[in-house]
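With CSV, C-alpha atoms inside, this is work_24.csv:
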```
chain,number,residue,atom,x,y,z
A,1,MET,CA,0.0,0.0,0.0
A,2,ALA,CA,1.3,3.4,-0.9
A,3,PRO,CA,2.0,5.6,2.2
A,4,LEU,CA,-0.8,8.0,2.9
A,5,ALA,CA,-0.1,11.6,1.9
A,6,PRO,CA,0.9,13.9,4.8
A,7,LYS,CA,-1.9,16.2,5.8
A,8,THR,CA,-1.4,19.9,6.4
A,9,GLY,CA,-1.9,21.4,9.9
A,10,ASP,CA,-5.1,23.1,8.7
A,11,ALA,CA,-6.6,19.9,7.5
A,12,VAL,CA,-6.0,18.0,10.7
A,13,PHE,CA,-7.1,20.9,12.8
A,14,ALA,CA,-10.4,21.0,10.9
A,15,SER,CA,-11.0,17.3,11.2
A,16,ILE,CA,-10.5,16.8,15.0
A,17,ASP,CA,-12.9,17.6,17.8
A,18,ARG,CA,-12.2,20.9,19.5
A,19,VAL,CA,-13.4,22.5,22.7
A,20,ASN,CA,-14.3,26.1,23.3
A,21,ALA,CA,-11.1,28.2,23.3
A,22,GLU,CA,-12.1,30.1,26.4
A,23,LEU,CA,-12.7,26.9,28.3
A,24,PHE,CA,-9.2,25.8,27.4
A,25,THR,CA,-7.6,29.2,28.2
A,26,LEU,CA,-9.3,29.5,31.5
A,27,THR,CA,-8.7,25.9,32.5
A,28,TYR,CA,-5.0,26.4,31.9
A,29,GLY,CA,-5.1,29.7,33.8
A,30,ALA,CA,-6.8,28.0,36.8
A,31,MET,CA,-4.2,25.3,36.8
A,32,VAL,CA,-1.2,27.7,36.7
A,33,ARG,CA,-2.9,29.6,39.5
A,34,GLN,CA,-3.3,26.5,41.6
A,35,LEU,CA,0.3,25.5,41.1
A,36,LEU,CA,1.4,28.9,42.3
A,37,THR,CA,-0.7,28.5,45.4
A,38,ASP,CA,0.5,25.0,46.0
A,39,LEU,CA,4.2,25.3,45.2
A,40,GLU,CA,4.6,29.0,46.3
A,41,GLU,CA,8.0,29.3,44.4
A,42,VAL,CA,7.8,30.6,40.8
A,43,ASP,CA,10.8,28.4,39.8
A,44,GLU,CA,9.1,25.3,41.1
A,45,VAL,CA,6.0,26.2,39.1
A,46,ASN,CA,8.1,26.6,36.0
A,47,LYS,CA,9.6,23.2,36.6
A,48,GLN,CA,6.2,21.6,37.3
A,49,LEU,CA,4.7,23.1,34.1
A,50,ASP,CA,7.6,21.8,32.1
A,51,GLN,CA,7.2,18.3,33.6
A,52,MET,CA,3.5,18.3,32.9
A,53,GLY,CA,4.2,19.4,29.3
A,54,TYR,CA,6.7,16.6,29.0
A,55,ASN,CA,4.2,14.0,30.2
A,56,ILE,CA,1.7,15.4,27.6
A,57,GLY,CA,4.3,15.4,24.9
A,58,ILE,CA,5.3,11.8,25.2
A,59,ARG,CA,1.7,10.8,24.5
A,60,LEU,CA,0.8,13.6,22.1
A,61,ILE,CA,3.5,12.6,19.6
A,62,ASP,CA,1.6,9.4,18.7
A,63,GLU,CA,-1.6,11.2,18.0
A,64,PHE,CA,0.3,13.7,16.0
A,65,LEU,CA,1.9,11.0,13.9
A,66,ALA,CA,-1.3,9.0,13.5
A,67,LYS,CA,-3.4,11.9,12.4
A,68,SER,CA,-1.0,13.9,10.3
A,69,ASN,CA,0.5,11.0,8.4
A,70,VAL,CA,3.9,12.7,8.4
A,71,SER,CA,6.7,10.3,7.7
A,72,ARG,CA,10.2,10.3,9.1
A,73,CYS,CA,12.0,13.7,8.8
A,74,VAL,CA,15.2,13.6,6.8
A,75,ASP,CA,16.9,16.3,8.9
A,76,PHE,CA,16.4,18.6,11.9
A,77,LYS,CA,15.4,21.4,9.6
A,78,GLU,CA,12.4,19.4,8.4
A,79,THR,CA,11.5,18.5,12.0
A,80,ALA,CA,11.5,22.2,12.8
A,81,ASP,CA,9.1,23.0,10.0
A,82,VAL,CA,6.8,20.1,10.8
A,83,ILE,CA,6.6,21.3,14.4
A,84,ALA,CA,5.9,24.9,13.5
A,85,LYS,CA,3.5,24.4,10.6
A,86,VAL,CA,1.7,21.1,11.4
A,87,GLY,CA,2.2,20.5,15.1
A,88,PHE,CA,1.3,23.9,16.4
A,89,LYS,CA,-1.5,24.4,14.0
A,90,MET,CA,-3.0,21.0,14.8
A,91,PHE,CA,-3.0,21.3,18.6
A,92,LEU,CA,-3.0,25.0,19.3
A,93,GLY,CA,-4.7,26.3,16.2
A,94,VAL,CA,-1.9,28.8,15.4
A,95,ALA,CA,1.2,28.2,13.2
A,96,ALA,CA,4.6,29.3,14.4
A,97,ALA,CA,7.5,30.7,12.3
A,98,VAL,CA,10.9,29.0,12.3
A,99,THR,CA,13.8,31.5,12.5
A,100,ASN,CA,17.3,32.1,13.8
A,101,TRP,CA,19.1,28.9,12.8
A,102,ASP,CA,22.5,28.6,14.2
A,103,ALA,CA,25.5,27.8,12.0
A,104,GLU,CA,25.5,24.1,12.8
A,105,GLY,CA,21.8,23.7,12.2
A,106,THR,CA,21.2,22.2,15.6
A,107,SER,CA,19.1,25.0,17.2
A,108,PHE,CA,16.4,27.2,16.0
A,109,SER,CA,13.7,29.5,17.3
A,110,LEU,CA,9.9,29.1,17.1
A,111,VAL,CA,8.2,32.4,17.0
A,112,LEU,CA,4.5,32.7,17.9
A,113,GLU,CA,2.8,35.9,17.2
A,114,ASP,CA,-0.5,34.7,18.6
A,115,ASN,CA,-0.8,32.4,21.6
A,116,PRO,CA,-4.2,31.3,22.7
A,117,LEU,CA,-2.9,30.3,26.2
A,118,VAL,CA,-2.4,33.9,27.3
A,119,ASP,CA,-5.6,35.5,26.1
A,120,PHE,CA,-6.6,37.1,29.4
A,121,VAL,CA,-3.3,37.0,31.2
A,122,GLU,CA,-1.5,39.9,32.9
A,123,LEU,CA,1.4,38.9,35.0
A,124,PRO,CA,1.5,40.6,38.4
A,125,ASP,CA,4.9,41.9,39.8
A,126,THR,CA,5.2,39.0,42.1
A,127,CYS,CA,5.4,36.5,39.2
A,128,GLN,CA,7.9,38.1,36.9
A,129,GLY,CA,10.0,35.0,36.8
A,130,LEU,CA,7.1,32.9,35.7
A,131,HIS,CA,7.2,31.3,32.3
A,132,TYR,CA,3.5,31.1,32.0
A,133,CYS,CA,3.5,28.9,28.9
A,134,ASN,CA,6.3,26.7,30.1
A,135,ILE,CA,4.0,23.7,29.4
A,136,LEU,CA,4.6,24.2,25.7
A,137,SER,CA,8.4,23.8,26.0
A,138,GLY,CA,7.8,20.6,27.9
A,139,VAL,CA,5.5,19.3,25.3
A,140,ILE,CA,8.0,19.8,22.5
A,141,ARG,CA,10.8,18.3,24.6
A,142,GLY,CA,8.7,15.2,25.4
A,143,ALA,CA,7.4,14.7,21.9
A,144,LEU,CA,10.9,14.9,20.3
A,145,GLU,CA,12.3,12.6,22.9
A,146,MET,CA,9.9,9.9,21.7
A,147,VAL,CA,11.2,10.2,18.2
A,148,SER,CA,14.8,9.9,19.5
A,149,MET,CA,15.9,13.5,19.7
A,150,LYS,CA,17.1,14.9,23.0
A,151,THR,CA,16.4,18.6,23.1
A,152,GLU,CA,16.6,21.5,25.3
A,153,VAL,CA,13.7,24.0,25.0
A,154,THR,CA,13.9,27.5,26.5
A,155,TRP,CA,12.0,30.8,26.3
A,156,VAL,CA,13.7,33.7,24.7
A,157,ARG,CA,11.0,36.2,24.3
A,158,ASP,CA,7.6,36.4,26.1
A,159,MET,CA,4.9,38.9,25.5
A,160,LEU,CA,3.8,38.7,29.1
A,161,HIS,CA,7.3,40.1,30.0
A,162,GLY,CA,6.9,43.0,27.5
A,163,ASP,CA,8.5,41.4,24.4
A,164,ASP,CA,6.9,41.7,21.0
A,165,ALA,CA,6.4,38.0,20.4
A,166,TYR,CA,6.8,34.5,21.9
A,167,GLU,CA,10.1,32.9,21.0
A,168,LEU,CA,11.0,29.4,22.0
A,169,ARG,CA,14.6,28.2,21.4
A,170,VAL,CA,14.9,24.5,20.6
A,171,LYS,CA,18.4,23.1,20.8
A,172,LEU,CA,19.2,19.5,19.6
A,173,LEU,CA,21.4,18.0,22.2
A,174,LYS,CA,21.8,14.5,20.7
A,175,GLN,CA,20.1,12.1,18.4
A,176,VAL,CA,19.7,8.8,20.2
A,177,PRO,CA,20.0,5.9,17.7
A,178,GLU,CA,17.0,3.7,17.6
A,179,GLU,CA,18.8,0.4,17.6
A,180,TYR,CA,17.9,-1.9,20.3
A,181,PRO,CA,20.3,-1.9,23.2
A,182,TYR,CA,21.5,-5.4,22.5
A,183,LYS,CA,25.0,-6.0,23.6
A,184,ASP,CA,25.7,-9.0,21.4
A,185,ASP,CA,29.4,-9.1,22.0
A,186,GLU,CA,29.5,-8.5,25.7
B,1,MET,CA,-5.9,-16.3,23.5
B,2,ASP,CA,-5.3,-15.4,27.1
B,3,THR,CA,-3.0,-12.6,28.4
B,4,ASN,CA,-0.1,-14.9,28.7
B,5,ASP,CA,-0.4,-16.1,25.1
B,6,SER,CA,-0.6,-12.5,23.9
B,7,LEU,CA,2.5,-11.6,25.9
B,8,ARG,CA,4.3,-14.6,24.5
B,9,LEU,CA,3.4,-13.8,20.9
B,10,ALA,CA,4.2,-10.1,21.3
B,11,SER,CA,7.6,-10.7,22.8
B,12,LEU,CA,8.4,-13.4,20.2
B,13,TRP,CA,7.4,-11.0,17.5
B,14,HIS,CA,9.3,-8.1,19.0
B,15,SER,CA,12.6,-10.1,18.9
B,16,MET,CA,12.0,-11.4,15.4
B,17,HIS,CA,11.3,-7.9,14.3
B,18,ALA,CA,14.5,-6.7,15.8
B,19,ILE,CA,16.5,-9.5,14.3
B,20,SER,CA,15.0,-9.0,10.9
B,21,GLN,CA,16.2,-5.4,11.0
B,22,GLN,CA,19.8,-6.5,11.6
B,23,LEU,CA,19.7,-9.3,9.1
B,24,SER,CA,18.2,-7.3,6.3
B,25,PRO,CA,20.6,-6.7,3.4
B,26,THR,CA,19.1,-3.2,2.8
B,27,THR,CA,20.2,-0.4,5.0
B,28,GLY,CA,17.6,1.5,7.0
B,29,CYS,CA,15.2,-1.5,7.1
B,30,ALA,CA,12.3,-0.9,9.4
B,31,GLY,CA,11.7,-4.6,10.2
B,32,ILE,CA,9.2,-7.3,9.0
B,33,GLU,CA,5.9,-5.9,7.7
B,34,LEU,CA,4.3,-9.1,6.6
B,35,LEU,CA,4.8,-12.6,7.6
B,36,GLN,CA,3.1,-15.2,5.4
B,37,ALA,CA,2.7,-18.6,7.0
B,38,ASP,CA,0.9,-21.7,5.8
B,39,THR,CA,-2.2,-21.0,7.8
B,40,PHE,CA,-2.2,-17.3,8.5
B,41,ASP,CA,-0.8,-13.9,7.6
B,42,LEU,CA,0.7,-11.5,10.1
B,43,HIS,CA,0.8,-7.8,9.2
B,44,CYS,CA,2.9,-5.5,11.4
B,45,PHE,CA,3.0,-1.7,11.6
B,46,GLN,CA,5.5,0.1,13.6
B,47,SER,CA,4.9,3.8,14.5
B,48,LEU,CA,7.8,6.2,14.4
B,49,THR,CA,7.8,6.2,18.2
B,50,GLY,CA,8.6,2.5,18.1
B,51,THR,CA,5.2,1.1,19.2
B,52,LYS,CA,4.3,-2.0,17.2
B,53,PHE,CA,0.9,-3.1,16.1
B,54,PHE,CA,0.2,-6.4,14.5
B,55,VAL,CA,-2.8,-8.3,13.2
B,56,VAL,CA,-3.0,-12.0,12.6
B,57,CYS,CA,-5.5,-12.8,9.8
B,58,GLU,CA,-6.5,-15.4,7.3
B,59,LEU,CA,-4.3,-15.9,4.3
B,60,GLY,CA,-4.6,-13.2,1.7
B,61,THR,CA,-6.9,-10.9,3.7
B,62,LEU,CA,-6.7,-7.4,2.1
B,63,HIS,CA,-6.4,-3.9,3.5
B,64,MET,CA,-4.7,-4.8,6.7
B,65,GLU,CA,-2.3,-1.9,6.5
B,66,ALA,CA,-5.3,0.4,6.5
B,67,LEU,CA,-6.8,-1.4,9.5
B,68,LEU,CA,-3.6,-1.1,11.4
B,69,LYS,CA,-3.5,2.6,10.7
B,70,VAL,CA,-7.1,2.9,12.1
B,71,ILE,CA,-6.0,0.9,15.2
B,72,TYR,CA,-3.1,3.3,15.7
B,73,GLU,CA,-5.5,6.2,15.7
B,74,LEU,CA,-7.8,4.4,18.2
B,75,TYR,CA,-4.7,3.7,20.4
B,76,THR,CA,-3.9,7.4,20.4
B,77,ASP,CA,-7.5,8.4,21.1
B,78,TYR,CA,-8.6,5.9,23.7
B,79,VAL,CA,-5.4,4.6,25.3
B,80,LEU,CA,-2.9,7.5,25.4
B,81,LYS,CA,-5.6,10.0,26.2
B,82,ASN,CA,-6.8,8.0,29.2
B,83,PRO,CA,-5.1,9.7,32.1
B,84,PHE,CA,-5.1,6.5,34.1
B,85,TYR,CA,-3.3,4.5,31.5
B,86,GLU,CA,0.3,4.0,32.4
B,87,ILE,CA,2.6,4.1,29.4
B,88,GLU,CA,4.2,0.8,28.3
B,89,MET,CA,1.8,-1.2,30.4
B,90,PRO,CA,-0.8,-3.7,29.1
B,91,ILE,CA,-3.8,-1.9,27.7
B,92,ARG,CA,-6.9,-2.3,29.9
B,93,CYS,CA,-9.2,0.4,28.5
B,94,GLU,CA,-12.8,-0.6,27.8
B,95,LEU,CA,-13.3,2.2,25.3
B,96,PHE,CA,-10.4,1.0,23.3
B,97,ASP,CA,-11.7,-2.6,23.3
B,98,LEU,CA,-15.1,-1.4,22.3
B,99,ASN,CA,-13.9,0.8,19.4
B,100,LEU,CA,-11.4,-1.8,18.3
B,101,SER,CA,-14.1,-4.5,17.9
B,102,GLN,CA,-16.3,-2.0,16.1
B,103,ALA,CA,-13.5,-1.2,13.7
B,104,ILE,CA,-12.9,-4.9,13.0
B,105,GLN,CA,-16.6,-5.6,12.6
B,106,LYS,CA,-16.9,-2.8,10.2
B,107,ASP,CA,-13.9,-4.0,8.3
B,108,ARG,CA,-15.4,-7.5,8.1
B,109,ILE,CA,-18.7,-6.3,6.8
B,110,ALA,CA,-16.9,-4.2,4.1
B,111,LEU,CA,-14.9,-7.4,3.1
B,112,LEU,CA,-18.0,-9.6,3.0
B,113,GLY,CA,-19.9,-7.1,1.0
B,114,ARG,CA,-17.3,-7.2,-1.8
```

Written form, structure tokens:
Amino acid sequence: MAPLAPKTGDAVFASIDRVNAELFTLTYGAMVRQLLTDLEEVDEVNKQLDQMGYNIGIRLIDEFLAKSNVSRCVDFKETADVIAKVGFKMFLGVAAAVTNWDAEGTSFSLVLEDNPLVDFVELPDTCQGLHYCNILSGVIRGALEMVSMKTEVTWVRDMLHGDDAYELRVKLLKQVPEEYPYKDDE
Amino acid sequence: MDTNDSLRLASLWHSMHAISQQLSPTTGCAGIELLQADTFDLHCFQSLTGTKFFVVCELGTLHMEALLKVIYELYTDYVLKNPFYEIEMPIRCELFDLNLSQAIQKDRIALLGR
């Protein structure tokens, strides 16, 4: 059977069930707020959001692959484009732009002009260190880890901190070979 | 087939699949996709994350790749989205079982109607 043609982010986005955007935004807000109450420290909240994102990412990747029909990426550049154009569009409803490649081609930036997570958010002075959308970086890290790429994902720009866009830096640390860990000779 | 049989078949298949990758004369081989025996066919699909799905069917049954693809989608919907499912553990999700048998039923009707 010929492999199915990959779908665009728009096509997948149109075909899956969605919830009301406000419900989603407000639920996320309530969750972050509760984490702040429970953990008290902003750094701990950042860490927790990242961990929650990671847990989501390692499951989400399969849905992404199953529904978008994308095949194995030939290089990291293609991976970046697929995340930005298909992944973000499919799950968040907005596409991201890929920019600022470094010379080695191992790290790039995802720029989001529009971010549905932050629709009603104004950060108070007490939470200036909070990466409100830290869950997203965790999702990307988790998802890429399941397709054998170890990455580090950090926030560079954040509109809640007064920047002009959201910028996520994705750095490829290493590619884990998929071979089974059989030690035949040992 | 009881749980032990399933586990035995799955682990046997997993190893054969891995060996076939290493034995294959072509580079970048993704492992066995179809095993044709005297009495049955075994179709296997491996997702890019490494999860394998396989179906054992009568000789020459058609459209098994498409069925496996449907099962992969059901797995992402009803297993991975169940917050109480632990990853890499045996699947005990009623919704998955239900939708799986419906998918297979539908497939069978489509085949018989041909």

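Selected on chain A by distance to chain B: Arg59, Asp62, Glu63, Ala66, Lys67, Met146 and Val147 of chain A (within 7 Å, counting all atoms listed in the file).
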
Using all atoms listed in the file, which residues of region 139-163 of chain A come within 12 Å of region 98-110 of chain A, and what is the closest atom pair for each, with the distance in Å to one decimal? Give it as CSV, sorted by chain and residue number.
```
residue,atom,partner,partner_atom,distance
A:Ile140,CA,A:Leu110,CA,10.9
A:Met149,CA,A:Thr106,CA,11.0
A:Lys150,CA,A:Thr106,CA,11.2
A:Thr151,CA,A:Ser107,CA,9.1
A:Glu152,CA,A:Ser107,CA,9.2
A:Val153,CA,A:Ser109,CA,9.5
A:Thr154,CA,A:Ser109,CA,9.4
A:Trp155,CA,A:Ser109,CA,9.3
A:Val156,CA,A:Ser109,CA,8.5
A:Arg157,CA,A:Ser109,CA,10.1
A:Asp158,CA,A:Leu110,CA,11.8
```

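For the pair CA of Met90 (chain A) and CA of Thr27 (chain A), the separation is 19.2 Å.
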
Atomic distance CA of Phe120 (chain A) - CA of Gly87 (chain A), expressed in Å with one decimal: 23.6 Å

Atom-to-atom span, CA of Arg33 (chain A) and CA of Tyr132 (chain A), Å: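 For CA of Arg33 (chain A) relative to CA of Tyr132 (chain A), the distance reads 10.0 Å.
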
Contact residues around Phe13 (chain A) with all atoms listed in the file at 12 Å, ignoring same-chain residues under 6 positions, as an MDAnalysis selection string: chainID A and resid 7 19 64 67:68 85:95

Those same residues, written as a PDB file, in the frame of the given file with C-alpha atoms?
```
ATOM      1  CA  LYS A   7      -1.900  16.200   5.800  1.00  0.00           C
ATOM      2  CA  VAL A  19     -13.400  22.500  22.700  1.00  0.00           C
ATOM      3  CA  PHE A  64       0.300  13.700  16.000  1.00  0.00           C
ATOM      4  CA  LYS A  67      -3.400  11.900  12.400  1.00  0.00           C
ATOM      5  CA  SER A  68      -1.000  13.900  10.300  1.00  0.00           C
ATOM      6  CA  LYS A  85       3.500  24.400  10.600  1.00  0.00           C
ATOM      7  CA  VAL A  86       1.700  21.100  11.400  1.00  0.00           C
ATOM      8  CA  GLY A  87       2.200  20.500  15.100  1.00  0.00           C
ATOM      9  CA  PHE A  88       1.300  23.900  16.400  1.00  0.00           C
ATOM     10  CA  LYS A  89      -1.500  24.400  14.000  1.00  0.00           C
ATOM     11  CA  MET A  90      -3.000  21.000  14.800  1.00  0.00           C
ATOM     12  CA  PHE A  91      -3.000  21.300  18.600  1.00  0.00           C
ATOM     13  CA  LEU A  92      -3.000  25.000  19.300  1.00  0.00           C
ATOM     14  CA  GLY A  93      -4.700  26.300  16.200  1.00  0.00           C
ATOM     15  CA  VAL A  94      -1.900  28.800  15.400  1.00  0.00           C
ATOM     16  CA  ALA A  95       1.200  28.200  13.200  1.00  0.00           C
TER      17      ALA A  95
END
```

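The environment of region 5-11 of chain B within 10 Å, counting all atoms listed in the file and disregarding residues fewer than 6 places along the same chain, consists of His17, Lys52, Phe53, Phe54 and Pro90 of chain B.
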